[in-house]
$ cat coords18.cif   # mmCIF, C-alpha atoms and all ligand atoms
data_input
loop_
_atom_site.label_atom_id
_atom_site.label_comp_id
_atom_site.auth_asym_id
_atom_site.auth_seq_id
_atom_site.Cartn_x
_atom_site.Cartn_y
_atom_site.Cartn_z
CA MET J 1 -75.56 -41.40 -89.67
CA LYS J 2 -74.47 -44.94 -89.08
CA LEU J 3 -71.41 -47.18 -88.92
CA GLU J 4 -71.07 -50.46 -90.78
CA LEU J 5 -68.37 -53.09 -90.32
CA LYS J 6 -67.25 -55.38 -93.14
CA ASN J 7 -64.03 -57.39 -93.69
CA ASN J 8 -62.17 -55.57 -90.91
CA LYS J 9 -63.12 -52.22 -92.38
CA VAL J 10 -65.29 -49.48 -90.85
CA PHE J 11 -67.72 -47.64 -93.11
CA PHE J 12 -69.43 -44.38 -92.23
CA GLU J 13 -72.75 -43.60 -93.87
CA SER J 14 -74.34 -40.18 -93.95
CA LYS J 15 -77.01 -38.73 -96.27
CA GLY J 16 -76.85 -41.76 -98.54
CA LEU J 17 -73.07 -41.56 -98.93
CA LYS J 18 -70.95 -44.43 -97.64
CA LYS J 19 -67.21 -44.01 -97.11
CA GLU J 20 -64.54 -46.13 -95.52
CA ILE J 21 -62.82 -44.66 -92.46
CA HIS J 22 -59.05 -44.84 -92.80
CA PRO J 23 -57.67 -47.27 -90.17
CA PHE J 24 -54.99 -44.73 -89.26
CA TRP J 25 -57.73 -42.19 -88.37
CA LEU J 26 -59.08 -44.69 -85.84
CA ARG J 27 -55.60 -45.63 -84.63
CA GLU J 28 -54.91 -41.96 -83.83
CA ARG J 29 -57.97 -42.04 -81.58
CA VAL J 30 -56.99 -44.92 -79.31
CA ASN J 31 -58.01 -43.66 -75.93
CA GLY J 32 -56.89 -45.99 -73.15
CA GLU J 33 -54.87 -44.69 -70.19
CA LYS J 34 -51.70 -45.80 -71.90
CA TYR J 35 -52.46 -43.56 -74.88
CA VAL J 36 -54.27 -40.47 -73.57
CA ASP J 37 -53.69 -38.43 -70.42
CA LYS J 38 -57.08 -38.43 -68.69
CA SER J 39 -56.90 -34.96 -67.14
CA THR J 40 -55.64 -33.02 -70.19
CA GLN J 41 -57.11 -35.26 -72.88
CA GLN J 42 -53.76 -34.94 -74.65
CA ARG J 43 -52.11 -37.82 -76.48
CA LEU J 44 -49.26 -39.62 -74.78
CA PHE J 45 -47.99 -40.82 -78.16
CA ASP J 46 -46.94 -39.08 -81.36
CA PRO J 47 -49.01 -40.32 -84.33
CA THR J 48 -46.33 -39.17 -86.78
CA GLN J 49 -44.05 -41.83 -85.24
CA LEU J 50 -46.47 -44.70 -85.90
CA GLN J 51 -45.91 -47.18 -88.70
CA GLU J 52 -47.77 -46.13 -91.85
CA ASN J 53 -49.39 -49.43 -92.77
CA ILE J 54 -51.76 -49.56 -89.82
CA GLN J 55 -54.39 -52.21 -90.37
CA ILE J 56 -57.35 -53.37 -88.35
CA LYS J 57 -56.84 -56.92 -87.04
CA ASP J 58 -60.36 -57.36 -85.73
CA LEU J 59 -63.27 -55.17 -84.68
CA SER J 60 -66.78 -55.23 -83.28
CA LEU J 61 -69.65 -52.89 -82.53
CA CYS J 62 -71.19 -53.33 -79.10
CA ASN J 63 -73.51 -51.10 -77.05
CA ASP J 64 -72.72 -47.97 -79.08
CA PHE J 65 -68.99 -48.55 -78.77
CA LEU J 66 -66.61 -49.51 -81.55
CA GLU J 67 -63.91 -51.91 -80.36
CA VAL J 68 -60.84 -52.19 -82.55
CA ASN J 69 -57.57 -54.17 -82.39
CA PHE J 70 -54.81 -52.91 -84.64
CA ASN J 71 -51.89 -54.76 -86.23
CA ASP J 72 -49.35 -52.82 -84.12
CA GLY J 73 -50.76 -54.26 -80.88
CA ALA J 74 -52.87 -51.23 -79.89
CA SER J 75 -56.55 -51.63 -79.12
CA THR J 76 -59.32 -49.19 -78.27
CA LYS J 77 -62.99 -48.70 -77.51
CA ILE J 78 -64.46 -45.53 -79.07
CA ALA J 79 -67.97 -44.18 -78.44
CA VAL J 80 -69.83 -44.14 -81.74
CA ILE J 81 -71.34 -40.77 -80.83
CA ASP J 82 -67.81 -39.29 -80.67
CA ILE J 83 -67.11 -40.49 -84.20
CA PHE J 84 -70.41 -38.98 -85.40
CA LYS J 85 -69.54 -35.67 -83.75
CA GLU J 86 -66.27 -35.49 -85.64
CA PHE J 87 -67.90 -36.33 -88.94
CA SER J 88 -70.72 -33.85 -88.59
CA ASN J 89 -67.99 -31.22 -88.25
CA ILE J 90 -70.21 -28.88 -86.29
CA ASP J 91 -68.67 -25.57 -85.30
CA GLU J 92 -70.65 -24.71 -82.18
CA ILE J 93 -69.97 -21.01 -82.55
CA LYS J 94 -70.88 -20.81 -86.24
CA GLN J 95 -74.09 -22.65 -85.35
CA ILE J 96 -75.23 -19.52 -83.50
CA LYS J 97 -77.03 -17.55 -86.16
CA LYS J 98 -76.16 -13.86 -86.42
CA ILE J 99 -79.27 -11.72 -86.07
CA LYS J 100 -79.11 -8.55 -88.17
CA TRP J 101 -80.32 -5.41 -86.46
CA ASP J 102 -80.78 -1.72 -87.19
CA SER J 103 -81.93 1.43 -85.35
CA SER J 104 -85.16 -0.32 -84.32
CA PHE J 105 -83.19 -2.75 -82.11
CA SER J 106 -85.26 -3.38 -78.98
CA GLU J 107 -84.12 -6.78 -77.69
CA GLN J 108 -83.41 -7.33 -74.02
CA ASN J 109 -79.63 -7.49 -74.15
CA THR J 110 -78.56 -6.51 -70.64
CA PHE J 111 -77.33 -8.84 -67.91
CA GLU J 112 -76.77 -8.22 -64.23
CA PHE J 113 -73.25 -8.69 -62.91
CA ASP J 114 -72.52 -10.78 -59.86
CA GLU J 115 -69.20 -12.12 -58.71
CA ASN J 116 -69.97 -15.71 -59.76
CA LEU J 117 -71.26 -14.58 -63.16
CA PHE J 118 -68.53 -16.23 -65.23
CA GLU J 119 -69.56 -19.76 -64.21
CA THR J 120 -73.31 -19.25 -64.49
CA TYR J 121 -76.05 -20.02 -66.96
CA GLU J 122 -76.59 -16.22 -67.18
CA MET J 123 -73.10 -15.90 -68.63
CA TYR J 124 -73.89 -18.64 -71.13
CA LYS J 125 -77.00 -16.71 -72.21
CA ALA J 126 -75.04 -13.45 -72.38
CA LEU J 127 -72.43 -15.03 -74.65
CA ILE J 128 -75.13 -16.44 -76.93
CA ASN J 129 -76.55 -12.90 -77.19
CA PHE J 130 -73.07 -11.61 -77.93
CA TYR J 131 -72.74 -13.95 -80.89
CA GLN J 132 -76.28 -13.23 -82.09
CA TYR J 133 -76.17 -9.43 -81.90
CA GLY J 134 -72.44 -8.68 -81.78
CA PHE J 135 -72.73 -7.00 -78.40
CA VAL J 136 -74.03 -7.42 -74.88
CA ILE J 137 -74.20 -5.11 -71.85
CA PHE J 138 -73.53 -6.00 -68.22
CA LYS J 139 -74.93 -3.79 -65.44
CA ASN J 140 -73.52 -3.03 -61.99
CA VAL J 141 -69.99 -4.16 -62.75
CA PRO J 142 -67.54 -2.90 -60.08
CA THR J 143 -65.70 0.21 -61.20
CA LYS J 144 -62.84 0.37 -58.69
CA ASP J 145 -59.21 -0.69 -59.19
CA ASN J 146 -59.45 -1.20 -62.96
CA PHE J 147 -61.94 -4.01 -62.43
CA ILE J 148 -62.36 -4.21 -66.22
CA VAL J 149 -59.08 -6.15 -66.42
CA LYS J 150 -60.38 -8.68 -63.89
CA PHE J 151 -63.64 -8.91 -65.83
CA ALA J 152 -61.83 -9.56 -69.12
CA ASN J 153 -59.47 -12.07 -67.53
CA SER J 154 -62.41 -13.94 -66.05
CA ILE J 155 -63.68 -14.64 -69.56
CA GLY J 156 -60.27 -15.26 -71.11
CA SER J 157 -57.14 -13.13 -71.31
CA VAL J 158 -56.72 -9.44 -71.96
CA ARG J 159 -55.16 -8.71 -75.33
CA ARG J 160 -52.51 -6.16 -74.48
CA THR J 161 -51.63 -3.50 -77.09
CA ASN J 162 -49.29 -0.52 -77.24
CA PHE J 163 -52.10 1.42 -75.48
CA GLY J 164 -51.43 -0.88 -72.52
CA GLU J 165 -53.36 -3.66 -70.82
CA PHE J 166 -56.36 -1.31 -70.71
CA PHE J 167 -56.93 2.31 -71.69
CA ASN J 168 -58.73 5.24 -70.11
CA VAL J 169 -61.09 7.10 -72.41
CA GLN J 170 -61.37 10.67 -71.20
CA SER J 171 -60.48 13.98 -72.78
CA LYS J 172 -56.88 15.00 -72.21
CA SER J 173 -54.38 17.46 -73.61
CA ASN J 174 -52.08 16.40 -76.49
CA PRO J 175 -54.02 13.22 -77.25
CA ASN J 176 -52.46 10.59 -79.58
CA ASP J 177 -55.95 9.56 -80.69
CA LEU J 178 -59.20 11.49 -81.18
CA ALA J 179 -60.87 9.09 -78.73
CA TYR J 180 -59.16 11.08 -75.97
CA THR J 181 -61.02 14.31 -76.79
CA SER J 182 -64.64 15.40 -76.28
CA LEU J 183 -65.30 15.46 -80.04
CA ASN J 184 -67.96 13.45 -81.81
CA LEU J 185 -66.59 10.07 -82.93
CA ALA J 186 -68.29 8.73 -86.03
CA PRO J 187 -68.90 4.97 -86.24
CA HIS J 188 -65.63 3.12 -86.68
CA THR J 189 -63.95 -0.17 -85.89
CA ASP J 190 -60.96 -0.14 -83.56
CA ASN J 191 -57.37 -0.77 -84.50
CA PRO J 192 -57.84 -1.76 -88.18
CA TYR J 193 -54.08 -1.27 -88.55
CA ARG J 194 -53.20 -4.25 -86.34
CA ASN J 195 -52.48 -7.77 -87.48
CA PRO J 196 -54.51 -9.42 -86.14
CA VAL J 197 -57.12 -6.82 -85.29
CA PRO J 198 -58.36 -7.22 -81.67
CA CYS J 199 -61.58 -9.23 -81.90
CA ILE J 200 -63.63 -7.89 -79.02
CA GLN J 201 -63.66 -4.54 -77.28
CA ILE J 202 -64.82 -4.18 -73.70
CA LEU J 203 -65.78 -0.66 -72.67
CA GLN J 204 -66.87 0.17 -69.16
CA CYS J 205 -68.33 3.42 -67.90
CA ILE J 206 -66.72 4.58 -64.66
CA GLU J 207 -68.16 8.12 -64.51
CA ASN J 208 -70.59 9.94 -66.75
CA GLU J 209 -71.73 13.37 -65.63
CA VAL J 210 -72.27 14.93 -69.05
CA ALA J 211 -75.49 15.23 -71.05
CA GLY J 212 -73.88 14.26 -74.37
CA GLY J 213 -71.30 11.56 -74.97
CA LEU J 214 -73.87 8.93 -75.92
CA SER J 215 -72.45 5.61 -77.06
CA THR J 216 -73.35 4.62 -80.61
CA LEU J 217 -73.34 1.20 -82.28
CA VAL J 218 -73.94 0.10 -85.87
CA ASP J 219 -74.22 -3.48 -87.10
CA GLY J 220 -71.62 -3.76 -89.88
CA TYR J 221 -73.13 -7.11 -90.87
CA THR J 222 -76.57 -5.53 -91.52
CA VAL J 223 -75.00 -2.68 -93.48
CA SER J 224 -72.76 -4.84 -95.65
CA GLU J 225 -75.69 -7.17 -96.44
CA LYS J 226 -77.75 -4.10 -97.38
CA LEU J 227 -74.94 -2.91 -99.63
CA LYS J 228 -74.77 -6.35 -101.25
CA GLN J 229 -78.49 -6.27 -101.89
CA ASP J 230 -78.76 -2.72 -103.29
CA PHE J 231 -75.28 -1.93 -104.64
CA LEU J 232 -73.60 -5.17 -105.63
CA ASP J 233 -70.74 -3.47 -107.54
CA TYR J 234 -69.90 -1.40 -104.49
CA TYR J 235 -70.02 -4.45 -102.25
CA LYS J 236 -67.75 -6.41 -104.57
CA ILE J 237 -65.06 -3.78 -104.89
CA LEU J 238 -64.99 -3.13 -101.14
CA ALA J 239 -64.57 -6.87 -100.61
CA GLU J 240 -61.78 -6.99 -103.20
CA VAL J 241 -59.44 -4.01 -102.82
CA LYS J 242 -57.02 -4.10 -99.93
CA ILE J 243 -56.23 -0.75 -98.40
CA ARG J 244 -53.56 0.26 -95.95
CA PHE J 245 -54.60 1.12 -92.42
CA GLN J 246 -52.01 2.99 -90.44
CA PHE J 247 -51.37 4.29 -86.94
CA ILE J 248 -48.33 6.35 -86.04
CA ASP J 249 -47.20 7.89 -82.80
CA GLN J 250 -43.84 8.69 -81.19
CA THR J 251 -43.04 5.08 -80.40
CA ILE J 252 -44.60 2.88 -83.07
CA VAL J 253 -45.70 2.55 -86.69
CA LEU J 254 -48.53 0.05 -87.18
CA GLU J 255 -49.76 -0.89 -90.65
CA ASP J 256 -51.95 -3.57 -92.13
CA TRP J 257 -53.47 -4.09 -95.58
CA ALA J 258 -57.04 -5.38 -95.68
CA GLU J 259 -60.41 -5.17 -97.40
CA MET J 260 -63.09 -2.92 -95.86
CA ILE J 261 -65.48 -5.86 -96.07
CA LYS J 262 -63.76 -9.18 -95.57
CA LEU J 263 -65.49 -12.37 -96.64
CA ASP J 264 -64.66 -15.91 -95.61
CA GLU J 265 -63.71 -18.74 -97.97
CA SER J 266 -67.42 -19.35 -98.70
CA GLY J 267 -68.04 -15.70 -99.56
CA ASN J 268 -69.88 -14.99 -96.32
CA PHE J 269 -69.43 -12.02 -94.01
CA LYS J 270 -66.32 -12.21 -91.86
CA GLN J 271 -65.18 -8.76 -90.82
CA VAL J 272 -65.53 -5.06 -91.48
CA ARG J 273 -62.83 -2.45 -90.99
CA PHE J 274 -63.78 1.19 -91.12
CA SER J 275 -61.83 4.14 -89.80
CA PRO J 276 -61.71 7.01 -92.30
CA ARG J 277 -59.00 8.78 -90.33
CA LEU J 278 -56.56 5.93 -90.79
CA ASP J 279 -57.07 4.42 -94.24
CA PHE J 280 -54.91 4.87 -97.35
CA VAL J 281 -56.23 3.65 -100.69
CA PRO J 282 -53.65 2.12 -103.06
CA LEU J 283 -52.88 3.82 -106.38
CA ILE J 284 -54.80 1.50 -108.66
CA ASP J 285 -56.41 1.97 -112.07
CA LYS J 286 -58.32 5.27 -112.26
CA GLU J 287 -61.64 3.70 -113.31
CA LYS J 288 -61.40 1.17 -110.51
CA LEU J 289 -60.60 3.93 -108.05
CA LYS J 290 -63.65 5.87 -109.24
CA LEU J 291 -65.85 2.90 -108.37
CA PHE J 292 -64.00 2.31 -105.11
CA TYR J 293 -64.44 5.90 -103.94
CA SER J 294 -68.16 5.86 -104.77
CA ALA J 295 -68.50 2.55 -102.93
CA ARG J 296 -66.65 3.82 -99.85
CA LYS J 297 -68.80 6.96 -99.81
CA LYS J 298 -71.99 4.90 -99.96
CA LEU J 299 -70.74 2.60 -97.22
CA SER J 300 -69.92 5.57 -95.02
CA GLU J 301 -73.35 7.07 -95.71
CA LEU J 302 -75.00 3.83 -94.55
CA TYR J 303 -72.79 3.48 -91.47
CA ASN J 304 -73.61 7.07 -90.48
CA SER J 305 -77.30 6.85 -91.35
CA GLU J 306 -79.87 7.16 -88.56
CA ASN J 307 -81.48 4.00 -89.96
CA TYR J 308 -78.77 1.70 -88.63
CA LYS J 309 -77.41 3.43 -85.56
CA ILE J 310 -78.47 2.89 -81.96
CA GLU J 311 -77.57 5.47 -79.32
CA PHE J 312 -77.63 5.04 -75.57
CA LYS J 313 -76.02 6.49 -72.51
CA LEU J 314 -73.63 4.17 -70.69
CA LEU J 315 -74.08 4.68 -66.98
CA PRO J 316 -71.44 4.12 -64.28
CA GLY J 317 -70.95 0.38 -63.76
CA GLU J 318 -72.30 -0.54 -67.19
CA LEU J 319 -69.97 -2.56 -69.35
CA LEU J 320 -70.37 -2.99 -73.09
CA MET J 321 -68.78 -5.98 -74.78
CA MET J 322 -68.77 -5.66 -78.57
CA ASP J 323 -67.52 -7.58 -81.57
CA ASN J 324 -64.93 -5.38 -83.25
CA TYR J 325 -65.07 -7.49 -86.43
CA ARG J 326 -68.80 -6.94 -86.83
CA LEU J 327 -69.91 -3.75 -85.09
CA LEU J 328 -68.89 -0.15 -85.49
CA HIS J 329 -68.94 2.07 -82.46
CA GLY J 330 -68.70 5.77 -81.76
CA ARG J 331 -70.00 8.46 -79.47
CA THR J 332 -71.72 11.80 -79.69
CA LYS J 333 -69.78 14.90 -78.69
CA TYR J 334 -70.00 16.25 -75.18
CA ASP J 335 -69.10 19.33 -73.18
CA ALA J 336 -66.19 18.49 -70.88
CA ASN J 337 -67.10 21.55 -68.74
CA GLU J 338 -70.31 19.80 -67.61
CA GLY J 339 -68.39 17.22 -65.61
CA ASN J 340 -66.45 14.00 -65.96
CA ARG J 341 -66.91 11.35 -68.60
CA PHE J 342 -64.60 8.48 -67.92
CA LEU J 343 -64.64 5.11 -69.63
CA GLN J 344 -62.13 2.30 -69.49
CA GLY J 345 -61.52 -0.11 -72.32
CA CYS J 346 -59.58 -3.24 -73.17
CA TYR J 347 -59.56 -5.99 -75.75
CA ILE J 348 -59.95 -9.73 -75.71
CA ASP J 349 -59.90 -12.18 -78.60
CA TYR J 350 -62.44 -14.71 -79.82
CA ASP J 351 -60.63 -17.64 -78.21
CA SER J 352 -61.68 -16.17 -74.84
CA THR J 353 -65.41 -15.97 -75.53
CA GLU J 354 -65.50 -19.16 -77.61
CA GLY J 355 -63.59 -21.06 -74.94
CA ARG J 356 -65.86 -19.84 -72.15
CA LEU J 357 -69.02 -20.52 -74.12
CA LYS J 358 -67.92 -24.08 -74.94
CA HIS J 359 -66.91 -24.61 -71.31
CA LEU J 360 -70.33 -23.44 -70.06
CA LYS J 361 -72.09 -25.54 -72.68
CA ARG J 362 -70.16 -28.58 -71.44
CA LYS J 363 -70.82 -27.64 -67.80
CA PHE J 364 -74.59 -27.35 -68.28
CA ASN J 365 -74.60 -30.43 -70.44
CA PHE J 366 -76.20 -28.98 -73.57
FE FE J 401 -62.99 3.23 -80.81
#

$ encode --input "coords18.cif" --output "structure tokens" --more "lines below"
Ligand SMILES: [Fe+2]
Amino acid sequence: MKLELKNNKVFFESKGLKKEIHPFWLRERVNGEKYVDKSTQQRLFDPTQLQENIQIKDLSLCNDFLEVNFNDGASTKIAVIDIFKEFSNIDEIKQIKKIKWDSSFSEQNTFEFDENLFETYEMYKALINFYQYGFVIFKNVPTKDNFIVKFANSIGSVRRTNFGEFFNVQSKSNPNDLAYTSLNLAPHTDNPYRNPVPCIQILQCIENEVAGGLSTLVDGYTVSEKLKQDFLDYYKILAEVKIRFQFIDQTIVLEDWAEMIKLDESGNFKQVRFSPRLDFVPLIDKEKLKLFYSARKKLSELYNSENYKIEFKLLPGELLMMDNYRLLHGRTKYDANEGNRFLQGCYIDYDSTEGRLKHLKRKFNF
């Protein structure tokens, strides 16, 4: 990448392509004290109020800084590296490559909690793991006084739902969700009926005295890529048909329409939603439905296959943070007569983890 100046114009060259930078784009980036608040980095002027015919009066390139004087009297000195950063358009989070995994997963993905964790390099590494694998586990996290809320709020902010700021997962009478029983819970994603769906689930074990009740995880990214490879028609229809996900209790009706495999604008994996207790398929053409039902059955077979699932026992103090857009989770059944099994859960959104990761990256100067 390089900058070139000619006749009061700035040209940006990258990969053999040379383009002029609009003078207004540079004018928006004037950065002196008069124009930008130093502590917040927010503009002190409104670019929509500027005159439209902004022109460059004169400019120079000196010691990796571009100095520009504009025809409205403003002038600035911009680091060339900052211009390059904007043009390379790098999304730091998308740069972290997802690593597909299956039942043979054996990576070290556990981090020790300490009270300064959230500002440490360990936390940075844990968040990188989270984006690579879709989950990470923290050990020895305090269990008293709903510490999970403090944990979540130390990364970002708890995403409150109608289940409250956090929820207790233990068997109880008259449950409004099967999670609050001792039954087996097949792999599923949480809250597919919300708009937006909570991005990240945090689940902490407070007590676990039972032999069963193992936590299960499946990588929805691995499974959907497998489906794409072996059953392209199934993959396509699951990425096309929007179905209705629904949750109803005494106080609320939540509904959202979405694909079971959601792709981004480039056709890459974005999100899976899977909760066979809560989905309602639309009444579409019979032939299409035939294909859809076969596809859903195959997807379910893969999600529930021993080939993709990992199972482990969460011990008191262990906290699992998982990507609810990528992973499916569940648990094996247990016998409530053996003792207590008590987990607490809450949600946070991607802005929390992304914001913390970028902060730590800046702090450690990567
Ligand atoms: Fe769940």

$ residues_around --input "coords18.cif" --residues "Lys226 (chain J)" --least-positions-apart "5" --cutoff "9 Å" --atoms "all atoms listed in the file" --output "list in words"
Tyr221, Phe231 and Leu302 of chain J

$ residues_near_point --input "coords18.cif" --point "(-69.2, -14.3, -99.4)" --cutoff "12 Å" --atoms "only C-alpha atoms" --output "list in words"
Tyr221, Ser224, Glu225, Lys228, Leu232, Tyr235, Lys236, Ala239, Glu240, Ile261, Lys262, Leu263, Asp264, Glu265, Ser266, Gly267, Asn268, Phe269, Lys270 and Gln271 of chain J

$ closest_residue --input "coords18.cif" --among "J:Ala211, J:Ile348, J:Leu357, J:Ala74" --to "Asn153 (chain J)" --atoms "all atoms listed in the file"
J:Ile348

$ residues_around --input "coords18.cif" --residues "Pro23 (chain J)" --least-positions-apart "6" --cutoff "8 Å" --atoms "all atoms listed in the file" --output "PyMOL selection string"
chain J and resi 9-10+54-56

$ closest_residue --input "coords18.cif" --among "J:Asn129, J:Asn69, J:Asn53, J:Asn109" --to "Lys97 (chain J)" --atoms "all atoms listed in the file"
J:Asn129

$ residues_near_ligand --input "coords18.cif" --ligand "ligand FE 401 (chain J)" --cutoff "7 Å" --atoms "all atoms listed in the file" --output "VMD selection string"
chain J and resid 179 188 to 190 329 to 330
